[in-house]
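To start, the structure under review is shown below, and the notes come after it.
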Amino acid sequence: MIRTSVIRTVAAAVALALGVTACAGADQNSGNSSGKPSSVLTIQGDAGDPTLTENFNPYSSTQLEGTRLIYEPLEVPSSVNGSYTPFLATGSTVVNPTTIKYTLRSGVKWSDGKPFSAADVVFSFNLLKKFPPLDTTGVWAQLKTVTSSGNTVTMTLQKPNVPFAATLAQVPIVPQHLWQSVKDPTKFTNTKPVGTGPFELDKFAPTQYMEKKNGSYWRAGTIAPTEVKFPAQSSNQSTNQLDVTSGKFDWSYNYLPNVQKTFVSKDSHNKYWFPPGGTIGLFLNLTKAPYNDANFRLGISYALNRSTIAQKAVNGYTGAASLSGLVLPNLKADLDPSLPNQGMVTQNTDQAMAAFNKAGYTLQGGKLEKAGKQASITLSMPNNFTDWVAAATEVKAELAKVGVAVTLDEPQYAQYEKQIGAGTFDAAMGGFGGSGNPYTDFNNALNSKYAAPINTATVNNFERFKSPTVDSALAKLAAATGQSAQQQATYQLEQFMYHQQPIVLLYYGGSWGLFSDKNFTGWPSASDPYMLPTTYNNAMLVVVTHLRKA
Amino acid sequence: MRYVLSRIGLFVLTLWAAVTLNFILPRLMPGSPLDAALAKLAASGQQVTNAQRTALESELGSPHGTVLSQYWDYLGNMVTLNFGHSYTDPTRTVGGSIARALPWTLILVGVTTIIAFVVGTLLGVWAGWRRGTKADTTVTMGATFFASFPPFWLGLLLLYVFAFKLKWFAIKGGYSEGLTPNWSPSFISDAMQHSVLPGITLALTALSGWVFGMRNNMINTAGEDYVTFAEANGLKQRTIALRYAARNAILPNVTAFGLSLGAVLGGSVLVEGVFSYPGLGHLLFEAVTNHDYPLMQALFLVLTVGMLTAIFIVDLLYARIDPRVVRT
């Protein structure tokens with residue numbers, strides 16, 4: 001008896017609840033597709049987990065990306081070709097290979113009205129020295145001193161390293177008058193940020209934050225958006241793709257298959273730019289035979305059809321990589337003109353076989369063998385990097401044709417990271433370069449000081465390449481101040497990359513910028529490539545300050 | 001009383017075993033919180049350098065002390081409900097993260113579990129009572145159809161049609177962007193609207209289990225002598241079906257219902273992920289990908305306690321419903 005009536009009551013309650021939810025489902029439509037241009041800029045924001053944590057500490061690894069618009073660095077180098085956009089500094093001079101001098105902009109004010117000065121710059125750098133967890137770019141591994149006099153700041157380095165200016169220039173500057181009383185800046189979430197940047201925090205909510213224009217910004221008159229909105233993105237890729245194609249963002253960063261149909265055709269204002277942002281390569285473990293033999297690597301290199309690999313991996317949005325190690329066309333000014341065909345190599349089985357023969361391998365009944373053992377490679381990559389997996393699958397198929405047995409190993413990223421860091425892998429897919437600065441790219445990937453022993457973790461030079469020739473070429477480039485000296489040193493490194501192939505470069509990884517020019521114009525594009533279209537790092541500051549009202 | 005005491009003893013013992021396993025399992029996963037943090041940077045396309053690794057290492061800190069002392073601290077923290085700070089984001093407390101996510105899961109998954117149970121069971125009663133008829137075939141076929149959908153796939157499908165194409169619902173989230181959760185009617189209606197699609201996904205895919213279970217039990221009880229006797233006495237079909245057959249047939253389903261209520265706290269990892277729903281399932285998924293041990297442990301604890309409590313209550317209830325369990 002009782003149970004029947006309980007069921008009835010519950011059934012009634014359920015019917016009621018369903019009715020209510022059904023009624024509530026009617027009025028959701030943001031309707032962003034018509035009407036006048038808005039002065040609110042909407043950028044696809046950080047991924048919440050699942051909601052956002054309010055953190056505007058510009059030195060924290062968990063800061064919200066919008067922090068980039070609140071705090072300014074001295075200068076921002078372009079991730080395309082390294083050319084500088086000035087912010088708090090009006091310019092810099094390399095006094096000598098260990099001394100860089102910055103001239104600061106005058107008349108800049110913090111958003112609380114206090115004046116900005118050279119003391120703030122010195123304070124910010126010293127903060128990183130005092131609290132190493134904040135020093136995410138490792139500036140104090142290179143710096144000796146930071147001092148100021150009047151409106152100039154002078155930085156001296158422990159060793160000649162001219163290209164390191166790019167890293168120094170990008171350290172965000174915080175106000176001394178507020179930060180000197182912060183007890184533990186490593187745990188400081190800075191929920192009331194005061195910066196010199198073009199925007200100030202307006203509102204924070206768990207799934208979206210908004211920033212409003214800083215009226216006292218030193219070039220406020222040229223800043224087009226009055227408000228920037230950062231809705232949190234989903235950690236689910238398919239959900240994000242639907243969100244992006246529904247047209248609610250002015251700027252987002254997402255890989256989309258068949259972008260012409262899925263994005264461009266949805267709205268006449270939709271634009272995209274997918275420039276190469278780095279090089280994806282096959283990293284062979286150079287502490288193991290036969291991978292330590294350059295002839296074997298050249299054999300692998302000639303056996304591959306890079307255009308097909310790029311087609312399979314990234315839909316052909318980007319193409320085969322130049323084996324010079326430079327991202328082209330971004331860094332074409334630095335390319336050694338003596339390299340044949342801009343360092344591009346086409347598939348050539350005969351040349352591959354010739355190289356393999358030099359390494360002592362011969363083709364026996366379809367198998368590439370040396371002393372009766374077939375050449376084999378276990379190739380690792382994180383299972384969720386679908387473009388790498390697609391590229392590796394094609395590499396496997398192409399190497400099978402020259403008799404090399406490839407096994408794919410697709411662990412979770414953390415496991416992959418552990419393998420490559422410890423050096424306990426055969427071969428791994430990995431990224432090379434993309435900083436916009438040839439020295440940084442070559443140094444991170446090839447400097448023997450990063451080649452940690454097996455089972456000691458390293459992120460850079462995980463293939464464990466060691467060469468005194470390359471080390472001295474890197475040192476020469478680090479100390480070079482004139483353009484022609486820099487060029488000569490860069491050429492030497494390109495030649496080495498091309499002929500020795502310490503990393504078998506495959507194709508360019510893309511930078512997936514999606515824009516709408518309905519509200520704002522001036523987005524980076526192939527005809528105006530001033531910055532990579534990334535919605536993270538300082539690219540955001542440069543792009544947002546570059547926009548004009550549509 | 002002895003029965004109740006023995007149940008309580010078992011509850012405590014299982015809880016300890018679960019809590020201990022909960023300590024061991026995350027530590028068996030390959031990789032560390034640091035690797036995972038670097039993975040996140042790399043996945044977003046940023047350049048990762050040794051400098052970053054060093055800075056992150058000192059920011060996140062690594063688990064210190066021997067495993068035994070970690071275990072001892074852990075037990076102490078579990079008892080005092082002090083879960084500490086998250087590894088992924090040292091500015092965030094684990095308790096706070098869970099407290100923020102808990103209501104969302106409790107309401108969404110809880111309500112849909114109840115709806116699925118009630119509707120599924122009623123449909124099962126109906127189908128079982130009219131076995132072999134068109135009604136039975138329709139219900140059974142329909143349930144089979146929805147049971148064969150993986151929940152996240154059905155979720156994506158609904159998302160595509162109703163949120164992306166028709167724009168009736170928002171594509172993601174538990175509430176509109178820019179709102180802060182509160183108890184105002186406008187927020188509640190906004191949240192309800194966001195819960196429709198994930199709710200339907202969860203309810204539809206869970207429904208079929210209840211339908212099948214109930215239908216099969218009904219078919220068994222419908223053949224019992226007391227049902228034939230009731231029919232011979234000229235009782236109304238409806239009365240026989242609901243008050244006699246269904247009442248006996250529902251027992252196994254009630255047990256299962258208790259268990260699935262216990263599982264509610266785990267949320268639904270995949271469905272919450274698809275809809276970016278701010279619940280415990282989504283939080284768990286993020287914790288696992290980020291190797292956030294403190295968060296993972298606290299979440300598993302919540303889950304285990306929820307489940308054990310549900311089993312405990314079902315055990316006690318069963319003693320009332322079916323006195324035979326106490327005697328044996």
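We label chains A, B, ... in the order they appear in the structure tokens, count residues from 1 in each chain, and number ligands from 1 in the order shown.
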Residues within 12 Å of B:Glu272, only C-alpha atoms, excluding chain neighbours under 5 positions, as a ChimeraX atom specification: /A:49-50,234-236,239 /B:101,104-105,108-109,151-152,155-156,172-174,194-195,197-199,201-202,266-267,277-286
Counting only C-alpha atoms, give me one row per residue of chain A with an atom at most 7 Å from an atom of chain B, showing the shortest contact pair and its distance in Å to one decimal, sorted by chain then residue number, as a Markdown table.
```
| residue | atom | partner | partner_atom | distance |
| --- | --- | --- | --- | --- |
| A:Ala11 | CA | B:Val118 | CA | 6.9 |
| A:Val14 | CA | B:Ile115 | CA | 6.4 |
| A:Thr21 | CA | B:Met192 | CA | 6.0 |
| A:Ala24 | CA | B:Gln193 | CA | 5.5 |
| A:Gly25 | CA | B:Gln193 | CA | 5.0 |
| A:Ala26 | CA | B:Trp168 | CA | 6.4 |
| A:Gln28 | CA | B:Phe169 | CA | 5.9 |
| A:Asn29 | CA | B:Lys167 | CA | 6.4 |
| A:Asp49 | CA | B:Glu286 | CA | 6.0 |
| A:Pro50 | CA | B:Pro278 | CA | 5.2 |
| A:Thr51 | CA | B:Pro278 | CA | 6.5 |
| A:Thr62 | CA | B:Asp89 | CA | 6.4 |
| A:Pro132 | CA | B:Ala55 | CA | 6.3 |
| A:Pro133 | CA | B:Ala55 | CA | 4.3 |
| A:Leu134 | CA | B:Ala55 | CA | 6.5 |
| A:Asp135 | CA | B:Ala55 | CA | 6.1 |
| A:Thr136 | CA | B:Gln52 | CA | 4.6 |
| A:Thr137 | CA | B:Ala51 | CA | 5.5 |
| A:Gly138 | CA | B:Ala51 | CA | 4.7 |
| A:Lys187 | CA | B:Thr91 | CA | 5.8 |
| A:Thr189 | CA | B:Thr91 | CA | 6.9 |
| A:Ala205 | CA | B:Gly178 | CA | 5.2 |
| A:Pro206 | CA | B:Thr180 | CA | 6.5 |
| A:Thr207 | CA | B:Glu177 | CA | 5.2 |
| A:Gln208 | CA | B:Gly178 | CA | 4.8 |
| A:Tyr209 | CA | B:Gly178 | CA | 6.6 |
| A:Pro231 | CA | B:Glu177 | CA | 6.2 |
| A:Ser234 | CA | B:Ser276 | CA | 5.6 |
| A:Asn236 | CA | B:Val274 | CA | 6.1 |
| A:Thr239 | CA | B:Val274 | CA | 6.4 |
| A:Leu242 | CA | B:Phe164 | CA | 6.6 |
| A:Asp243 | CA | B:Ile171 | CA | 6.5 |
| A:Ser246 | CA | B:Phe164 | CA | 6.7 |
| A:Tyr413 | CA | B:Ala39 | CA | 6.2 |
| A:Ala414 | CA | B:Gly31 | CA | 4.7 |
| A:Gln415 | CA | B:Gly31 | CA | 5.2 |
| A:Glu417 | CA | B:Asp35 | CA | 6.2 |
| A:Lys418 | CA | B:Gly31 | CA | 6.2 |
| A:Thr458 | CA | B:Asn50 | CA | 6.4 |
| A:Val459 | CA | B:Asn50 | CA | 5.3 |
| A:Asn460 | CA | B:Thr49 | CA | 5.9 |
```
With only C-alpha atoms as the counted atoms, please give the residues lying no more than 6 Å from A:Asn285, apart from itself and same-chain residues fewer than 2 positions off, as a PDB file with N, CA and C atoms, in the first residue's frame.
```
ATOM      1  N   THR A 287      72.023   8.201 -28.167  1.00  0.00           N
ATOM      2  CA  THR A 287      72.931   7.414 -27.338  1.00  0.00           C
ATOM      3  C   THR A 287      72.872   5.944 -27.750  1.00  0.00           C
ATOM      4  N   LYS A 288      72.022   5.641 -28.741  1.00  0.00           N
ATOM      5  CA  LYS A 288      71.861   4.246 -29.145  1.00  0.00           C
ATOM      6  C   LYS A 288      72.321   4.052 -30.585  1.00  0.00           C
ATOM      7  N   ASP A 426      63.573   4.815 -28.075  1.00  0.00           N
ATOM      8  CA  ASP A 426      64.284   4.579 -29.339  1.00  0.00           C
ATOM      9  C   ASP A 426      64.182   5.831 -30.200  1.00  0.00           C
ATOM     10  N   ALA A 427      62.923   6.161 -30.486  1.00  0.00           N
ATOM     11  CA  ALA A 427      62.633   7.319 -31.318  1.00  0.00           C
ATOM     12  C   ALA A 427      61.352   7.925 -30.802  1.00  0.00           C
ATOM     13  N   GLU A 463      67.086  14.240 -27.251  1.00  0.00           N
ATOM     14  CA  GLU A 463      67.700  13.219 -28.106  1.00  0.00           C
ATOM     15  C   GLU A 463      69.165  13.023 -27.705  1.00  0.00           C
TER      16      GLU A 463
END
```
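The strand (DSSP E) portion of stretch 275-399 of chain A consists of A:Pro276, A:Gly277, A:Gly278, A:Thr279, A:Ile280, A:Gly281, A:Leu282, A:Phe283, A:Leu284, A:Thr362, A:Leu363, A:Gln364, A:Lys367, A:Leu368, A:Glu369, A:Lys370, A:Lys373, A:Gln374, A:Ser376, A:Ile377, A:Thr378, A:Leu379, A:Ser380, with states taken from DSSP on the backbone.
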